[in-house]
>>> print(open('entry_24.pdb').read())   # PDB, C-alpha atoms
ATOM      1  CA  MET A   8     101.769 103.883  36.537
ATOM      2  CA  VAL A   9     105.238 103.689  34.943
ATOM      3  CA  ILE A  10     106.748 105.847  37.691
ATOM      4  CA  LYS A  11     105.273 103.512  40.321
ATOM      5  CA  LEU A  12     106.641 100.498  38.452
ATOM      6  CA  LEU A  13     110.134 102.028  38.252
ATOM      7  CA  LYS A  14     109.886 103.389  41.807
ATOM      8  CA  ALA A  15     111.458 106.560  40.505
ATOM      9  CA  THR A  16     112.108 109.343  42.953
ATOM     10  CA  THR A  17     113.596 111.864  40.496
ATOM     11  CA  LEU A  18     113.125 112.590  36.859
ATOM     12  CA  PRO A  19     114.385 111.907  34.251
ATOM     13  CA  THR A  20     114.651 108.170  34.862
ATOM     14  CA  LEU A  21     116.110 105.625  32.461
ATOM     15  CA  ALA A  22     115.428 101.940  33.121
ATOM     16  CA  VAL A  23     116.101  98.535  31.585
ATOM     17  CA  LEU A  24     113.023  96.316  31.776
ATOM     18  CA  LYS A  25     112.569  92.594  31.254
ATOM     19  CA  VAL A  26     109.075  91.846  29.991
ATOM     20  CA  ARG A  27     107.982  88.239  29.982
ATOM     21  CA  ASP A  28     104.508  88.973  31.262
ATOM     22  CA  PRO A  29     103.138  92.340  30.094
ATOM     23  CA  ALA A  30     101.125  92.593  33.314
ATOM     24  CA  LYS A  31     104.290  92.318  35.463
ATOM     25  CA  PRO A  32     107.401  93.793  33.804
ATOM     26  CA  GLN A  33     110.602  93.434  35.826
ATOM     27  CA  VAL A  34     113.062  96.335  36.393
ATOM     28  CA  ILE A  35     116.646  95.111  35.832
ATOM     29  CA  ASP A  36     118.511  98.409  36.316
ATOM     30  CA  ARG A  37     117.721 102.127  36.494
ATOM     31  CA  LEU A  38     119.425 105.486  36.260
ATOM     32  CA  GLU A  39     117.744 108.481  37.916
ATOM     33  CA  GLY A  40     118.131 112.226  37.673
ATOM     34  CA  CYS A  41     120.390 114.395  35.570
ATOM     35  CA  VAL A  42     123.676 112.550  35.240
ATOM     36  CA  PRO A  43     126.865 113.326  33.357
ATOM     37  CA  PHE A  44     127.163 111.960  29.853
ATOM     38  CA  ASP A  45     129.931 109.527  30.863
ATOM     39  CA  THR A  46     127.679 107.981  33.522
ATOM     40  CA  PHE A  47     124.949 107.582  30.920
ATOM     41  CA  LEU A  48     127.365 105.788  28.548
ATOM     42  CA  GLU A  49     128.593 103.516  31.348
ATOM     43  CA  PHE A  50     124.960 102.604  32.121
ATOM     44  CA  LEU A  51     124.365 101.684  28.500
ATOM     45  CA  ASP A  52     127.624  99.652  28.294
ATOM     46  CA  LYS A  53     126.823  97.796  31.505
ATOM     47  CA  ASN A  54     123.354  96.794  30.258
ATOM     48  CA  SER A  55     124.174  96.275  26.582
ATOM     49  CA  SER A  56     124.567  92.521  27.122
ATOM     50  CA  LEU A  57     120.862  92.391  28.064
ATOM     51  CA  LEU A  58     119.804  94.021  24.856
ATOM     52  CA  ARG A  59     119.211  91.908  21.800
ATOM     53  CA  PRO A  60     120.757  93.228  18.649
ATOM     54  CA  ARG A  61     118.209  94.471  16.197
ATOM     55  CA  GLN A  62     117.692  92.116  13.301
ATOM     56  CA  LYS A  63     118.623  93.526   9.965
ATOM     57  CA  VAL A  64     115.920  93.698   7.386
ATOM     58  CA  PRO A  65     117.126  91.724   4.408
ATOM     59  CA  GLU A  66     117.643  93.761   1.285
ATOM     60  CA  VAL A  67     114.968  93.177  -1.312
ATOM     61  CA  SER A  68     116.080  92.554  -4.865
ATOM     62  CA  PRO A  69     114.560  94.804  -7.534
ATOM     63  CA  ARG A  70     113.098  91.741  -9.291
ATOM     64  CA  LEU A  71     111.360  90.604  -6.092
ATOM     65  CA  LEU A  72     110.145  94.131  -5.444
ATOM     66  CA  GLN A  73     108.727  94.323  -8.995
ATOM     67  CA  GLU A  74     106.986  90.948  -8.506
ATOM     68  CA  ARG A  75     105.423  92.210  -5.262
ATOM     69  CA  ILE A  76     104.172  95.344  -6.972
ATOM     70  CA  ILE A  77     102.677  93.289  -9.808
ATOM     71  CA  ARG A  78     101.067  90.867  -7.346
ATOM     72  CA  GLU A  79      99.552  93.756  -5.359
ATOM     73  CA  GLN A  80      98.209  95.278  -8.583
ATOM     74  CA  GLN A  81      96.754  91.913  -9.614
ATOM     75  CA  ASP A  82      95.145  91.508  -6.205
ATOM     76  CA  ARG A  83      93.546  94.962  -6.486
ATOM     77  CA  GLU A  84      92.293  94.164  -9.990
ATOM     78  CA  LEU A  85      90.922  90.826  -8.784
ATOM     79  CA  GLU A  86      89.063  92.553  -5.939
ATOM     80  CA  GLU A  87      87.624  95.082  -8.397
ATOM     81  CA  ALA A  88      86.533  92.302 -10.768
ATOM     82  CA  GLU A  89      84.934  90.359  -7.907
ATOM     83  CA  MET A  90      83.123  93.512  -6.797
ATOM     84  CA  ILE A  91      81.813  94.051 -10.343
ATOM     85  CA  VAL A  92      80.625  90.427 -10.491
ATOM     86  CA  ARG A  93      78.890  90.789  -7.113
ATOM     87  CA  GLU A  94      77.188  93.991  -8.275
ATOM     88  CA  ARG A  95      76.049  92.298 -11.500
ATOM     89  CA  TYR A  96      74.772  89.320  -9.521
ATOM     90  CA  LYS A  97      72.817  91.641  -7.218
ATOM     91  CA  ALA A  98      71.402  93.525 -10.209
ATOM     92  CA  GLU A  99      70.419  90.200 -11.815
ATOM     93  CA  GLU A 100      68.750  89.081  -8.579
ATOM     94  CA  ILE A 101      66.821  92.357  -8.378
ATOM     95  CA  LYS A 102      65.800  92.030 -12.020
ATOM     96  CA  ASN A 103      64.693  88.401 -11.521
ATOM     97  CA  ALA A 104      62.748  89.346  -8.398
ATOM     98  CA  GLN A 105      61.039  92.148 -10.303
ATOM     99  CA  ILE A 106      60.183  89.804 -13.205
ATOM    100  CA  LYS A 107      58.843  87.232 -10.760
ATOM    101  CA  LYS A 108      56.758  89.893  -9.025
ATOM    102  CA  GLU A 109      55.381  91.082 -12.365
ATOM    103  CA  GLN A 110      54.556  87.482 -13.355
ATOM    104  CA  GLU A 111      52.799  86.897 -10.038
ATOM    105  CA  GLU A 112      50.830  90.112 -10.481
ATOM    106  CA  GLU A 113      49.903  89.091 -14.030
ATOM    107  CA  MET A 114      48.812  85.630 -12.828
ATOM    108  CA  LYS A 115      46.780  87.236 -10.055
ATOM    109  CA  LYS A 116      45.200  89.590 -12.579
ATOM    110  CA  GLN A 117      44.394  86.652 -14.884
ATOM    111  CA  MET A 118      42.884  84.699 -11.988
ATOM    112  CA  ILE A 119      40.716  87.692 -11.090
ATOM    113  CA  GLU A 120      39.634  88.044 -14.727
ATOM    114  CA  GLU A 121      38.864  84.318 -14.938
ATOM    115  CA  GLU A 122      36.860  84.481 -11.715
ATOM    116  CA  LYS A 123      34.991  87.491 -13.065
ATOM    117  CA  ARG A 124      34.279  85.648 -16.328
ATOM    118  CA  LYS A 125      32.986  82.596 -14.443
ATOM    119  CA  ARG A 126      30.674  84.762 -12.327
ATOM    120  CA  LYS A 127      29.269  86.405 -15.453
ATOM    121  CA  GLU A 128      28.844  83.024 -17.110
ATOM    122  CA  GLU A 129      26.964  81.743 -14.048
ATOM    123  CA  SER A 130      24.761  84.855 -14.015
ATOM    124  CA  LEU A 131      23.844  84.209 -17.662
ATOM    125  CA  GLY A 132      22.550  80.741 -16.883
ATOM    126  CA  ALA A 133      21.634  78.198 -19.529
ATOM    127  CA  GLU A 134      20.451  79.337 -22.945
ATOM    128  CA  PRO A 135      16.643  79.536 -22.869
ATOM    129  CA  ASN A 136      14.462  77.532 -25.282
ATOM    130  CA  PRO A 137      12.828  79.442 -28.171
ATOM    131  CA  GLY A 138       9.576  81.169 -27.293
ATOM    132  CA  LEU A 139       7.562  84.396 -27.400
ATOM    133  CA  ASP A 140       9.519  86.153 -24.630
ATOM    134  CA  ILE A 141      12.897  85.050 -26.099
ATOM    135  CA  ALA A 142      15.078  87.069 -28.521
ATOM    136  CA  THR A 143      17.802  85.544 -30.692
ATOM    137  CA  ILE A 144      20.816  87.829 -30.964
ATOM    138  CA  SER A 145      23.665  87.425 -33.520
ATOM    139  CA  PHE A 146      27.188  88.547 -32.703
ATOM    140  CA  ARG A 147      29.847  89.104 -35.403
ATOM    141  CA  MET A 148      33.313  88.341 -33.999
ATOM    142  CA  PRO A 149      36.496  90.178 -35.037
ATOM    143  CA  ASP A 150      37.618  87.120 -37.017
ATOM    144  CA  GLY A 151      34.333  87.204 -39.012
ATOM    145  CA  LYS A 152      32.706  84.303 -37.182
ATOM    146  CA  LYS A 153      28.993  84.655 -36.399
ATOM    147  CA  ILE A 154      27.633  83.512 -33.024
ATOM    148  CA  GLU A 155      23.915  83.375 -32.146
ATOM    149  CA  ARG A 156      22.371  83.030 -28.702
ATOM    150  CA  ARG A 157      18.914  83.354 -27.226
ATOM    151  CA  PHE A 158      18.147  85.697 -24.343
ATOM    152  CA  LYS A 159      14.987  86.501 -22.400
ATOM    153  CA  LYS A 160      13.475  89.807 -23.505
ATOM    154  CA  ASP A 161      13.002  91.066 -19.954
ATOM    155  CA  LYS A 162      16.774  91.016 -19.213
ATOM    156  CA  LYS A 163      18.870  94.169 -19.278
ATOM    157  CA  ILE A 164      21.251  94.944 -22.152
ATOM    158  CA  GLU A 165      24.116  94.463 -19.728
ATOM    159  CA  ILE A 166      23.651  90.710 -20.063
ATOM    160  CA  LEU A 167      24.697  90.975 -23.742
ATOM    161  CA  TYR A 168      27.959  92.628 -22.749
ATOM    162  CA  ASP A 169      28.519  89.966 -20.096
ATOM    163  CA  TYR A 170      27.966  87.247 -22.703
ATOM    164  CA  VAL A 171      30.492  88.786 -25.104
ATOM    165  CA  GLU A 172      33.008  89.021 -22.264
ATOM    166  CA  THR A 173      32.524  85.316 -21.464
ATOM    167  CA  LEU A 174      33.546  84.621 -25.076
ATOM    168  CA  GLY A 175      36.916  86.198 -24.274
ATOM    169  CA  LEU A 176      36.462  89.552 -25.994
ATOM    170  CA  LYS A 177      37.512  92.688 -24.168
ATOM    171  CA  ASN A 178      37.291  96.401 -24.863
ATOM    172  CA  PHE A 179      34.508  96.133 -27.424
TER     173      PHE A 179
END
>>> encode(input="entry_24.pdb", output="structure tokens")
Amino acid sequence: MVIKLLKATTLPTLAVLKVRDPAKPQVIDRLEGCVPFDTFLEFLDKNSSLLRPRQKVPEVSPRLLQERIIREQQDRELEEAEMIVRERYKAEEIKNAQIKKEQEEEMKKQMIEEEKRKRKEESLGAEPNPGLDIATISFRMPDGKKIERRFKKDKKIEILYDYVETLGLKNF
């Protein structure tokens, strides 16, 4: 593509280009083939007015250089500190999410237990009136309190366990 642009017929080719639009650079002058050194220098002298002198890079004072180094170090330390804070924030979010999940699971478990207790309470029904087919049972609670309740004699022993569970006792 460059050879087509320069319309070079022999190599090496040296050219001075003017580039205002990168899509269409303009060839100002060219030197083709192996030429004597004097011809090469004349080419450069002839086109030197077209060349812009290279801008000198201003010399940096040691104090300014030290300030730049310190600023770069501070920027790195700031980035590290921000990264640590972000990591802590993420860890805190994960911890909070886990706590929330555990609380929700505990609430769900409590709701299930409460529903279970209500079902057992409903299956017990009302306390029957005293009679021949009724037994009065006394329960001694862990705090020393005594609770009595009447049950029908034809019921299974399981109903006693259900009753104790409705009182809020577990693992008895």
>>> closest_residue(input="entry_24.pdb", among="A:Leu21, A:Phe158, A:Tyr170, A:Met148", to="A:Leu48", atoms="only C-alpha atoms")
A:Leu21
>>> closest_residue(input="entry_24.pdb", among="A:Leu72, A:Ile144, A:Ile119, A:Val171", to="A:Arg157", atoms="all atoms listed in the file")
A:Ile144
>>> closest_residue(input="entry_24.pdb", among="A:Gly175, A:Lys63, A:Lys160, A:Glu113", to="A:Lys127", atoms="only C-alpha atoms")
A:Gly175
>>> atom_distance(input="entry_24.pdb", atom1="atom CA of A:Lys153", atom2="atom CA of A:Glu122")
25.9 Å
>>> atom_distance(input="entry_24.pdb", atom1="atom CA of A:Phe146", atom2="atom CA of A:Lys125")
20.1 Å
>>> atom_distance(input="entry_24.pdb", atom1="atom CA of A:Lys116", atom2="atom CA of A:Lys162")
29.2 Å
>>> resolve_selection(input="entry_24.pdb", expression="the PyMOL selection byres ((chain A and resi 25) around 10)", output="tab-separated table (two decimals) with C-alpha atoms, in the frame of the given file")
chain	number	residue	atom	x	y	z
A	22	ALA	CA	115.43	101.94	33.12
A	23	VAL	CA	116.10	98.54	31.58
A	24	LEU	CA	113.02	96.32	31.78
A	26	VAL	CA	109.08	91.85	29.99
A	27	ARG	CA	107.98	88.24	29.98
A	28	ASP	CA	104.51	88.97	31.26
A	29	PRO	CA	103.14	92.34	30.09
A	31	LYS	CA	104.29	92.32	35.46
A	32	PRO	CA	107.40	93.79	33.80
A	33	GLN	CA	110.60	93.43	35.83
A	34	VAL	CA	113.06	96.34	36.39
A	35	ILE	CA	116.65	95.11	35.83
A	36	ASP	CA	118.51	98.41	36.32
A	57	LEU	CA	120.86	92.39	28.06
A	58	LEU	CA	119.80	94.02	24.86
>>> closest_residue(input="entry_24.pdb", among="A:Ile154, A:Lys53, A:Thr17, A:Gly138", to="A:Gly40", atoms="all atoms listed in the file")
A:Thr17
>>> residues_around(input="entry_24.pdb", residues="A:Thr173", least_positions_apart="2", cutoff="10 Å", atoms="all atoms listed in the file", output="ChimeraX atom specification")
/A:121,123-129,131,167-171,175-177
>>> decode(input="entry_24.pdb", residues="stretch 15-50 of chain A", atoms="N, CA and C atoms", output="JSON list (two decimals), in the first residue's frame")
[["chain", "number", "residue", "atom", "x", "y", "z"],
["A", 15, "ALA", "N", 6.47, 4.28, -6.11],
["A", 15, "ALA", "CA", 7.89, 3.98, -6.22],
["A", 15, "ALA", "C", 8.12, 2.93, -7.29],
["A", 16, "THR", "N", 9.17, 3.13, -8.05],
["A", 16, "THR", "CA", 9.52, 2.16, -9.09],
["A", 16, "THR", "C", 10.75, 1.38, -8.69],
["A", 17, "THR", "N", 11.60, 1.95, -7.82],
["A", 17, "THR", "CA", 12.79, 1.25, -7.35],
["A", 17, "THR", "C", 12.90, 1.41, -5.85],
["A", 18, "LEU", "N", 13.58, 0.48, -5.26],
["A", 18, "LEU", "CA", 13.79, 0.52, -3.82],
["A", 18, "LEU", "C", 15.27, 0.68, -3.56],
["A", 19, "PRO", "N", 15.69, 1.26, -2.51],
["A", 19, "PRO", "CA", 14.93, 1.93, -1.47],
["A", 19, "PRO", "C", 14.38, 3.26, -1.96],
["A", 20, "THR", "N", 13.28, 3.68, -1.31],
["A", 20, "THR", "CA", 12.64, 4.96, -1.63],
["A", 20, "THR", "C", 12.49, 5.75, -0.34],
["A", 21, "LEU", "N", 12.87, 7.01, -0.41],
["A", 21, "LEU", "CA", 12.72, 7.93, 0.73],
["A", 21, "LEU", "C", 11.78, 9.02, 0.27],
["A", 22, "ALA", "N", 10.75, 9.33, 1.13],
["A", 22, "ALA", "CA", 9.76, 10.31, 0.71],
["A", 22, "ALA", "C", 9.42, 11.22, 1.87],
["A", 23, "VAL", "N", 9.01, 12.45, 1.52],
["A", 23, "VAL", "CA", 8.50, 13.41, 2.50],
["A", 23, "VAL", "C", 7.01, 13.47, 2.28],
["A", 24, "LEU", "N", 6.24, 13.20, 3.34],
["A", 24, "LEU", "CA", 4.79, 13.16, 3.25],
["A", 24, "LEU", "C", 4.18, 14.28, 4.07],
["A", 25, "LYS", "N", 3.05, 14.78, 3.59],
["A", 25, "LYS", "CA", 2.25, 15.75, 4.34],
["A", 25, "LYS", "C", 0.94, 15.04, 4.67],
["A", 26, "VAL", "N", 0.67, 14.93, 5.97],
["A", 26, "VAL", "CA", -0.50, 14.14, 6.39],
["A", 26, "VAL", "C", -1.46, 15.05, 7.14],
["A", 27, "ARG", "N", -2.46, 15.50, 6.44],
["A", 27, "ARG", "CA", -3.56, 16.23, 7.09],
["A", 27, "ARG", "C", -4.70, 15.27, 7.36],
["A", 28, "ASP", "N", -4.96, 14.44, 6.37],
["A", 28, "ASP", "CA", -5.99, 13.41, 6.48],
["A", 28, "ASP", "C", -5.29, 12.06, 6.40],
["A", 29, "PRO", "N", -5.33, 11.27, 7.48],
["A", 29, "PRO", "CA", -4.62, 9.98, 7.46],
["A", 29, "PRO", "C", -5.06, 9.06, 6.33],
["A", 30, "ALA", "N", -6.26, 9.24, 5.83],
["A", 30, "ALA", "CA", -6.74, 8.39, 4.73],
["A", 30, "ALA", "C", -6.10, 8.79, 3.40],
["A", 31, "LYS", "N", -5.66, 10.06, 3.29],
["A", 31, "LYS", "CA", -5.09, 10.55, 2.02],
["A", 31, "LYS", "C", -3.81, 11.36, 2.29],
["A", 32, "PRO", "N", -2.69, 10.69, 2.61],
["A", 32, "PRO", "CA", -1.45, 11.45, 2.79],
["A", 32, "PRO", "C", -0.96, 11.95, 1.42],
["A", 33, "GLN", "N", -0.25, 13.07, 1.46],
["A", 33, "GLN", "CA", 0.20, 13.70, 0.21],
["A", 33, "GLN", "C", 1.73, 13.59, 0.13],
["A", 34, "VAL", "N", 2.26, 13.13, -1.03],
["A", 34, "VAL", "CA", 3.70, 13.01, -1.24],
["A", 34, "VAL", "C", 4.22, 14.37, -1.70],
["A", 35, "ILE", "N", 5.15, 14.95, -0.93],
["A", 35, "ILE", "CA", 5.74, 16.26, -1.28],
["A", 35, "ILE", "C", 6.96, 16.06, -2.16],
["A", 36, "ASP", "N", 7.83, 15.13, -1.80],
["A", 36, "ASP", "CA", 9.06, 14.89, -2.57],
["A", 36, "ASP", "C", 9.49, 13.45, -2.32],
["A", 37, "ARG", "N", 10.29, 12.88, -3.25],
["A", 37, "ARG", "CA", 10.75, 11.51, -3.06],
["A", 37, "ARG", "C", 12.14, 11.35, -3.69],
["A", 38, "LEU", "N", 12.84, 10.36, -3.15],
["A", 38, "LEU", "CA", 14.17, 10.02, -3.63],
["A", 38, "LEU", "C", 14.18, 8.51, -3.79],
["A", 39, "GLU", "N", 14.48, 8.01, -5.01],
["A", 39, "GLU", "CA", 14.39, 6.59, -5.27],
["A", 39, "GLU", "C", 15.74, 6.01, -5.62],
["A", 40, "GLY", "N", 15.88, 4.72, -5.24],
["A", 40, "GLY", "CA", 17.07, 3.96, -5.61],
["A", 40, "GLY", "C", 18.27, 4.25, -4.73],
["A", 41, "CYS", "N", 19.37, 3.59, -5.05],
["A", 41, "CYS", "CA", 20.62, 3.80, -4.32],
["A", 41, "CYS", "C", 21.26, 5.06, -4.88],
["A", 42, "VAL", "N", 21.44, 6.03, -4.02],
["A", 42, "VAL", "CA", 21.99, 7.32, -4.45],
["A", 42, "VAL", "C", 23.23, 7.61, -3.63],
["A", 43, "PRO", "N", 24.11, 8.45, -4.16],
["A", 43, "PRO", "CA", 25.29, 8.82, -3.39],
["A", 43, "PRO", "C", 24.88, 9.58, -2.12],
["A", 44, "PHE", "N", 25.80, 9.57, -1.16],
["A", 44, "PHE", "CA", 25.52, 10.18, 0.12],
["A", 44, "PHE", "C", 25.26, 11.67, -0.03],
["A", 45, "ASP", "N", 25.98, 12.34, -0.91],
["A", 45, "ASP", "CA", 25.81, 13.78, -1.12],
["A", 45, "ASP", "C", 24.40, 14.08, -1.62],
["A", 46, "THR", "N", 23.87, 13.26, -2.51],
["A", 46, "THR", "CA", 22.52, 13.45, -3.02],
["A", 46, "THR", "C", 21.49, 13.29, -1.89],
["A", 47, "PHE", "N", 21.76, 12.34, -1.03],
["A", 47, "PHE", "CA", 20.88, 12.10, 0.12],
["A", 47, "PHE", "C", 20.86, 13.34, 1.03],
["A", 48, "LEU", "N", 22.06, 13.91, 1.29],
["A", 48, "LEU", "CA", 22.13, 15.10, 2.15],
["A", 48, "LEU", "C", 21.45, 16.30, 1.49],
["A", 49, "GLU", "N", 21.60, 16.45, 0.20],
["A", 49, "GLU", "CA", 20.94, 17.54, -0.53],
["A", 49, "GLU", "C", 19.41, 17.39, -0.42],
["A", 50, "PHE", "N", 18.93, 16.16, -0.53],
["A", 50, "PHE", "CA", 17.49, 15.90, -0.40],
["A", 50, "PHE", "C", 16.99, 16.34, 0.98]]
